[in-house]
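Enquirer: Have a look at this one.
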Amino acid sequence: MSSVPLLLDIKNLHVHFIVYGGRLRVLDGINFYMHDGEKVGLVGETGCGKTTTMKTILRVLPMPPAHIPQGEIFFKGRDILKMNNTSLQQVRGRGIAMIFQDPTAALNPVFNIGEQMGAVIKHSAIRGKRSSHQEVHQQAISSLQEVALADPERLLRSYPIQLSGGMRQRVCIGMALSTRPELLIADEPGTSLDVTIQDQVLRLIRTLVEEKNTSIILITHTLGIVRELTDRVYVMYAGNMVEVAPTKKLFANPRHPYTQGLLSTVPRLTGGGIASGIPGRIPDYLNPPAGCRFHPRCTYVMDICRAQKPALFRPDQDHEVACFLYQDQPKDATTP
Amino acid sequence: MTTDILTATELKKYFIIGQTRWLKGKPITVKAVDNISFSIHEGETLGLVGESGSGKSTIAYTIVGMYRPTSGSLKFQGEDLFPPKRKRPLHLRKEIQIVFQDPGSSLNPRRNIKEILELPLRIHQPGKNLLEQIIHLLEIVDMPPEYMYKYPHMVSGGEKQIVAVARALATNPSLIILDEPTSALDVSVQAKTINLFLRLQSEFNLSYLFITHDLSLMRNVASRVAIMYLGKICEVAETADFFQNPCHPYTQMLLSSIPVVSEEEEALKPKKVISTGEIPSPVNIPTGCSFNTRCPFVMDICYRIDPVMVEAGKDHTVRCHLYHQPAPISNERAD
């Protein structure tokens with residue numbers, strides 16, 4: 001055990017959704033940790049539970065239908081799931097901030113940017129200290145300048161509809177960072193933007209995060225973005241973490257059959273055609289397959305995969321894989 | 001000798017979106033497609049790449065006949081696609097089909113897959129056994145026949161797109177326009193769909209106009225690539241040449257913005273150009289070269305004169321003032 005507490009430590013998190021047809025077992029025992037100042041990527045296809053995980057961390061998941069049968073989420077040593085509302089409000093904003101995929105949906109269309117930013121800044125101000133209108137205004141302007149937006153005065157008076165997609169996302173980033181959070185969760189921050197604008201937004205996030213030494217969790221299904229922006233990657237499949245490794249290692253030497261399949265389907269700039277992809281489709285959460293949830297699609301499937309859920313094995317230092325192909329290697333002790 | 005299946009010459013599509021002033025005002029136009037000439041060879045895949053708002057989809061919709069061009073001509077195997085004062089004849093409609101971006105909204109949710117596939121068959125191949133043909137169509141796209149009675153909401157996004165492909169194939173076309181067919185899909189599903197497109201192309205000798213914003217996908221699919229910016233084509237080249245030697249500054253900017261997954265790809269990206277600025281509003285296109293607001297190599301002439309297409313190599317044309325200059329300068333700038 002290291003003496004420095006982990007910034008975020010998720011232990012054996014299960015999240016179910018209770019729906020008309022039964023119980024959707026979406027998150028199936030997730031373990032996740034990150035240190036202070038780390039840049040972590042979370043990759044997976046649509047519907048694998050990336051966003052559910054992050055929404056659970058902020059406790060913004062509507063409950064019901066969501067239901068958490070077991071699991072703990074420690075943020076700086078305190079369990080978020082057991083917090084009362086007051087302490088939760090302190091974590092949100094000052095502790096953890098989030099950037100959403102679609103900036104158009106994240107901003108309220110009937111308030112101008114100034115009002116929305118002001119609300120965030122006022123809310124996150126230190127308890128008991130009331131900032132004057134002037135201070136809030138100043139802080140909003142400096143936040144907008146940080147995200148390289150020209151003419152912040154005018155921007156504060158404009159409504160989201162008057163801005164382009166790239167500008168809206170910059171406003172969202174500025175808003176999220178205006179509270180000086182310790183952890184920033186970016187949920188597909190560039191997906192709804194054009195490539196050139198996406199590149200600008202991602203570079204902006206990187207410089208800001210490095211400048212302020214903020215930790216970041218980057219959620220995406222674009223593998224290239226993860227490679228450029230993060231130190232360590234979690235690969236998720238059907239509500240399970242299937243592989244964890246430092247970014248360079250993961251791209252050089254993917255271990256899990258799912259990660260290998262996913263990487264092979266990415267079209268390359270060097271050409272050479274596209275692999276045929278992974279057969280089958282993501283399982284139904286109502287009746288997920290027993291054992292390893294990837295076994296119906298896996299080409300290396302063994303008997304044990306159908307019966308037992310693989311633990312995280314460690315084929316080499318700091319590379320963890322939830323796959324029985326690596327069971328000869330020493331088994332992982334739980335998170336450090 | 002390659003023959004052209006489709007040729008567009010000086011194609012223009014302007015939309016009138018309002019008036020400057022009530023009553024006496026001048027119309028405000030958006031030049032969605034502005035004086036574009038290109039051709040699609042038989043059996044090839046022409047990739048059309050550009051950011052949102054560059055007019056890619058307007059070209060697609062004009063070719064299938066959803067819009068009538070403001071001026072210019074569009075010929076399919078020598079036949080005019082827009083005969084004056086007449087609707088497009090049925091035999092031409094049959095030849096050109098389209099697959100839309102979002103399969104969720106391009107399939108009628110109240111009809112099952114059988115009914116969806118029936119309509120084009122009834123119109124274009126009347127009198128044949130419908131059921132047999134539908135089963136055959138589903139076989140072509142590797143879909144089990146029992147899917148016939150499913151409704152769009154019962155199948156996954158990738159499968160919906162495959163139904164849309166089957167619908168396009170129903171008329172036995174020779175040119176299919178793929179308007180961002182995989183941008184709504186995950187990479188692993190995208191891989192499957194793309195491989196289906198490639199198989200169908202060789203099986204039925206199809207030509208594709210593949211519209212996308214994903215250049216790395218284009219590298220693997222297209223035989224030629226055309227880049228669009230604000231209603232104009234700025235560069236056209238053979239795929240291999242295009243990626244080795246991107247000429248237009250905008251192309252270089254696009255290439256340098258792509259997130260990639262390996263070191264070899266990283267080496268291919270132009271390093272000198274980094275993405276700045278945003279695509280201007282198509283209502284107020286800058287005078288001169290429309291890219292002058294974002295171009296790192298901008299010169300005085302770019303603000304005054306709109307460049308014309310020049311040859312930058314074999315089968316490689318580019319619309320940029322850098323290449324109007326004597327050779328040594330263009331080499332240095334081209335990188």
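In the structure tokens, chains take letters A, B, ... by order of appearance, with residues numbered from 1 within each chain and ligands from 1 in the order shown.
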Assign secondary structure with DSSP using the backbone only, and return the residues of range 13-107 of chain A in helix (DSSP H, G or I) as a ChimeraX atom specification.
Expert: /A:50-58,80-82,85-91,103-106
Enquirer: Up to 6 Å from chain B, what residues of chain A turn up? Count only C-alpha atoms and give them as a PyMOL selection string.
Expert: chain A and resi 194+196+199+224-225+265+267-271+273+276-277
Enquirer: Grab the residues selected above and save them as a PDB file, in the first residue's frame with N, CA and C atoms.
Expert:
```
ATOM      1  N   ASP A 194     -16.235  18.283 -35.872  1.00  0.00           N
ATOM      2  CA  ASP A 194     -15.423  17.923 -37.034  1.00  0.00           C
ATOM      3  C   ASP A 194     -13.995  17.598 -36.624  1.00  0.00           C
ATOM      4  N   THR A 196     -11.023  18.631 -37.553  1.00  0.00           N
ATOM      5  CA  THR A 196     -10.079  19.715 -37.268  1.00  0.00           C
ATOM      6  C   THR A 196     -10.454  20.413 -35.963  1.00  0.00           C
ATOM      7  N   ASP A 199      -9.591  18.142 -33.026  1.00  0.00           N
ATOM      8  CA  ASP A 199      -8.164  18.221 -32.736  1.00  0.00           C
ATOM      9  C   ASP A 199      -7.865  19.442 -31.880  1.00  0.00           C
ATOM     10  N   GLY A 224      -7.648   6.266 -31.272  1.00  0.00           N
ATOM     11  CA  GLY A 224      -6.569   7.198 -31.570  1.00  0.00           C
ATOM     12  C   GLY A 224      -6.490   8.339 -30.559  1.00  0.00           C
ATOM     13  N   ILE A 225      -7.647   8.805 -30.109  1.00  0.00           N
ATOM     14  CA  ILE A 225      -7.671   9.914 -29.155  1.00  0.00           C
ATOM     15  C   ILE A 225      -7.033   9.490 -27.839  1.00  0.00           C
ATOM     16  N   THR A 265      -9.809  -3.451 -36.165  1.00  0.00           N
ATOM     17  CA  THR A 265     -10.860  -2.901 -37.017  1.00  0.00           C
ATOM     18  C   THR A 265     -10.700  -1.410 -37.285  1.00  0.00           C
ATOM     19  N   PRO A 267      -9.561   1.678 -39.069  1.00  0.00           N
ATOM     20  CA  PRO A 267      -8.938   1.933 -40.366  1.00  0.00           C
ATOM     21  C   PRO A 267      -7.629   2.699 -40.195  1.00  0.00           C
ATOM     22  N   ARG A 268      -6.588   2.241 -40.891  1.00  0.00           N
ATOM     23  CA  ARG A 268      -5.266   2.853 -40.721  1.00  0.00           C
ATOM     24  C   ARG A 268      -4.964   3.818 -41.849  1.00  0.00           C
ATOM     25  N   LEU A 269      -4.212   4.838 -41.524  1.00  0.00           N
ATOM     26  CA  LEU A 269      -3.768   5.793 -42.535  1.00  0.00           C
ATOM     27  C   LEU A 269      -2.772   5.173 -43.497  1.00  0.00           C
ATOM     28  N   THR A 270      -2.122   4.109 -43.025  1.00  0.00           N
ATOM     29  CA  THR A 270      -1.137   3.461 -43.874  1.00  0.00           C
ATOM     30  C   THR A 270      -1.793   2.542 -44.895  1.00  0.00           C
ATOM     31  N   GLY A 271      -3.110   2.403 -44.830  1.00  0.00           N
ATOM     32  CA  GLY A 271      -3.813   1.554 -45.778  1.00  0.00           C
ATOM     33  C   GLY A 271      -3.752   0.103 -45.392  1.00  0.00           C
ATOM     34  N   GLY A 273      -6.318  -2.152 -46.010  1.00  0.00           N
ATOM     35  CA  GLY A 273      -7.622  -2.775 -45.822  1.00  0.00           C
ATOM     36  C   GLY A 273      -8.052  -2.792 -44.374  1.00  0.00           C
ATOM     37  N   SER A 276     -12.055  -7.910 -40.671  1.00  0.00           N
ATOM     38  CA  SER A 276     -13.490  -8.144 -40.786  1.00  0.00           C
ATOM     39  C   SER A 276     -14.240  -7.838 -39.503  1.00  0.00           C
ATOM     40  N   GLY A 277     -13.540  -7.508 -38.433  1.00  0.00           N
ATOM     41  CA  GLY A 277     -14.238  -7.145 -37.214  1.00  0.00           C
ATOM     42  C   GLY A 277     -14.465  -8.327 -36.299  1.00  0.00           C
TER      43      GLY A 277
END
```
Enquirer: Mind checking which residues fall within 6 Å of range 308-320 of chain B, counting only C-alpha atoms, ignoring those fewer than 5 positions away in the same chain, and posting them as a ChimeraX atom specification?
Expert: /B:234-237
Enquirer: List as a PyMOL selection string the protein and nucleic acid residues near Phe297 in chain B, meaning an atom at most 10 Å away when only C-alpha atoms are counted, but skip any in the same chain fewer than 6 places from it.
Expert: chain B and resi 249+273+321-322+333
Enquirer: Select, from A:Phe32, A:Tyr20, A:Phe100, A:Phe324, the residue with the minimum atom-to-atom distance to Ala245 in chain A, counting only C-alpha atoms.
Expert: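 Using only C-alpha atoms, the shortest distance to Ala245 in chain A belongs to A:Phe32.
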Enquirer: In terms of the shortest atom-to-atom distance over only C-alpha atoms, which of A:Ile30, A:Leu229, A:Met175, A:Ile57 is closest to Ile121 in chain A?
Expert: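 Once distances to Ile121 in chain A are computed over only C-alpha atoms, the minimum belongs to A:Met175.
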Enquirer: Just list as a VMD selection string whatever in range 104-192 of chain B DSSP marks as strand (DSSP E).
Expert: chain B and resid 175 to 179
Enquirer: Report the distance between CA of Val233 in chain A and CA of Val91 in chain A in Å, rounded to one decimal place.
Expert: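 These atoms are spaced 24.1 Å apart.
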Enquirer: Suppose you want the space between CA of Ile205 in chain A and CA of Ile173 in chain A; what is it in Å?
Expert: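 That distance, rounded to one decimal, is 7.7 Å.
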Enquirer: Name the residues in contact with Leu178 in chain B at a cut-off of 6 Å, using only C-alpha atoms, excluding same-chain residues fewer than 4 positions from it; report them as a PyMOL selection string.
Expert: chain B and resi 98-99+210-211
Enquirer: With C-alpha atoms kept, could you save the residues just selected as a PDB file, in the first residue's frame?
Expert:
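As a result, again_18.pdb now contains:
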```
ATOM      1  CA  ILE B  98     -28.325   6.192 -52.115  1.00  0.00           C
ATOM      2  CA  VAL B  99     -27.585   4.943 -48.608  1.00  0.00           C
ATOM      3  CA  PHE B 210     -18.329   7.486 -50.771  1.00  0.00           C
ATOM      4  CA  ILE B 211     -18.976  10.557 -48.667  1.00  0.00           C
TER       5      ILE B 211
END
```
Enquirer: Env of Ala168 in chain B: 12 Å cut, atoms = only C-alpha atoms, seq-sep filter 4 positions within chain, self excluded. Answer as a ChimeraX atom specification.
Expert: /B:64,93-100,106-107,116-121,124,137-138,141,161-164,172-178,197,200,206,208
Enquirer: Just the residues within 8 Å of Tyr149 in chain B, please, counting only C-alpha atoms, with nothing from its chain fewer than 4 positions along; format it as an NGL selection string.
Expert: :B and (112-114)
Enquirer: Okay, now the selection with N, CA and C atoms, as a PDB file, in the first residue's frame?
Expert:
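Now in again-v1.pdb:
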```pdb
ATOM      1  N   ASN B 112     -42.188  -3.232 -41.914  1.00  0.00           N
ATOM      2  CA  ASN B 112     -41.159  -4.232 -41.648  1.00  0.00           C
ATOM      3  C   ASN B 112     -40.212  -4.326 -42.841  1.00  0.00           C
ATOM      4  N   ILE B 113     -39.156  -5.095 -42.651  1.00  0.00           N
ATOM      5  CA  ILE B 113     -38.097  -5.103 -43.659  1.00  0.00           C
ATOM      6  C   ILE B 113     -38.613  -5.589 -45.010  1.00  0.00           C
ATOM      7  N   LYS B 114     -39.555  -6.519 -44.981  1.00  0.00           N
ATOM      8  CA  LYS B 114     -40.130  -7.007 -46.236  1.00  0.00           C
ATOM      9  C   LYS B 114     -40.794  -5.857 -46.980  1.00  0.00           C
TER      10      LYS B 114
END
```
Enquirer: Report, in Å to a single decimal, how far apart CA of Tyr61 in chain B and CA of Leu130 in chain B are.
Expert: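 Separation between CA of Leu130 in chain B and CA of Tyr61 in chain B: 28.3 Å.
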Enquirer: I'd like to know which of A:Gln89, A:Thr299, A:Ser192, A:Gln145 is closest to Gly174 in chain A, using only C-alpha atoms.
Expert: A:Gln145
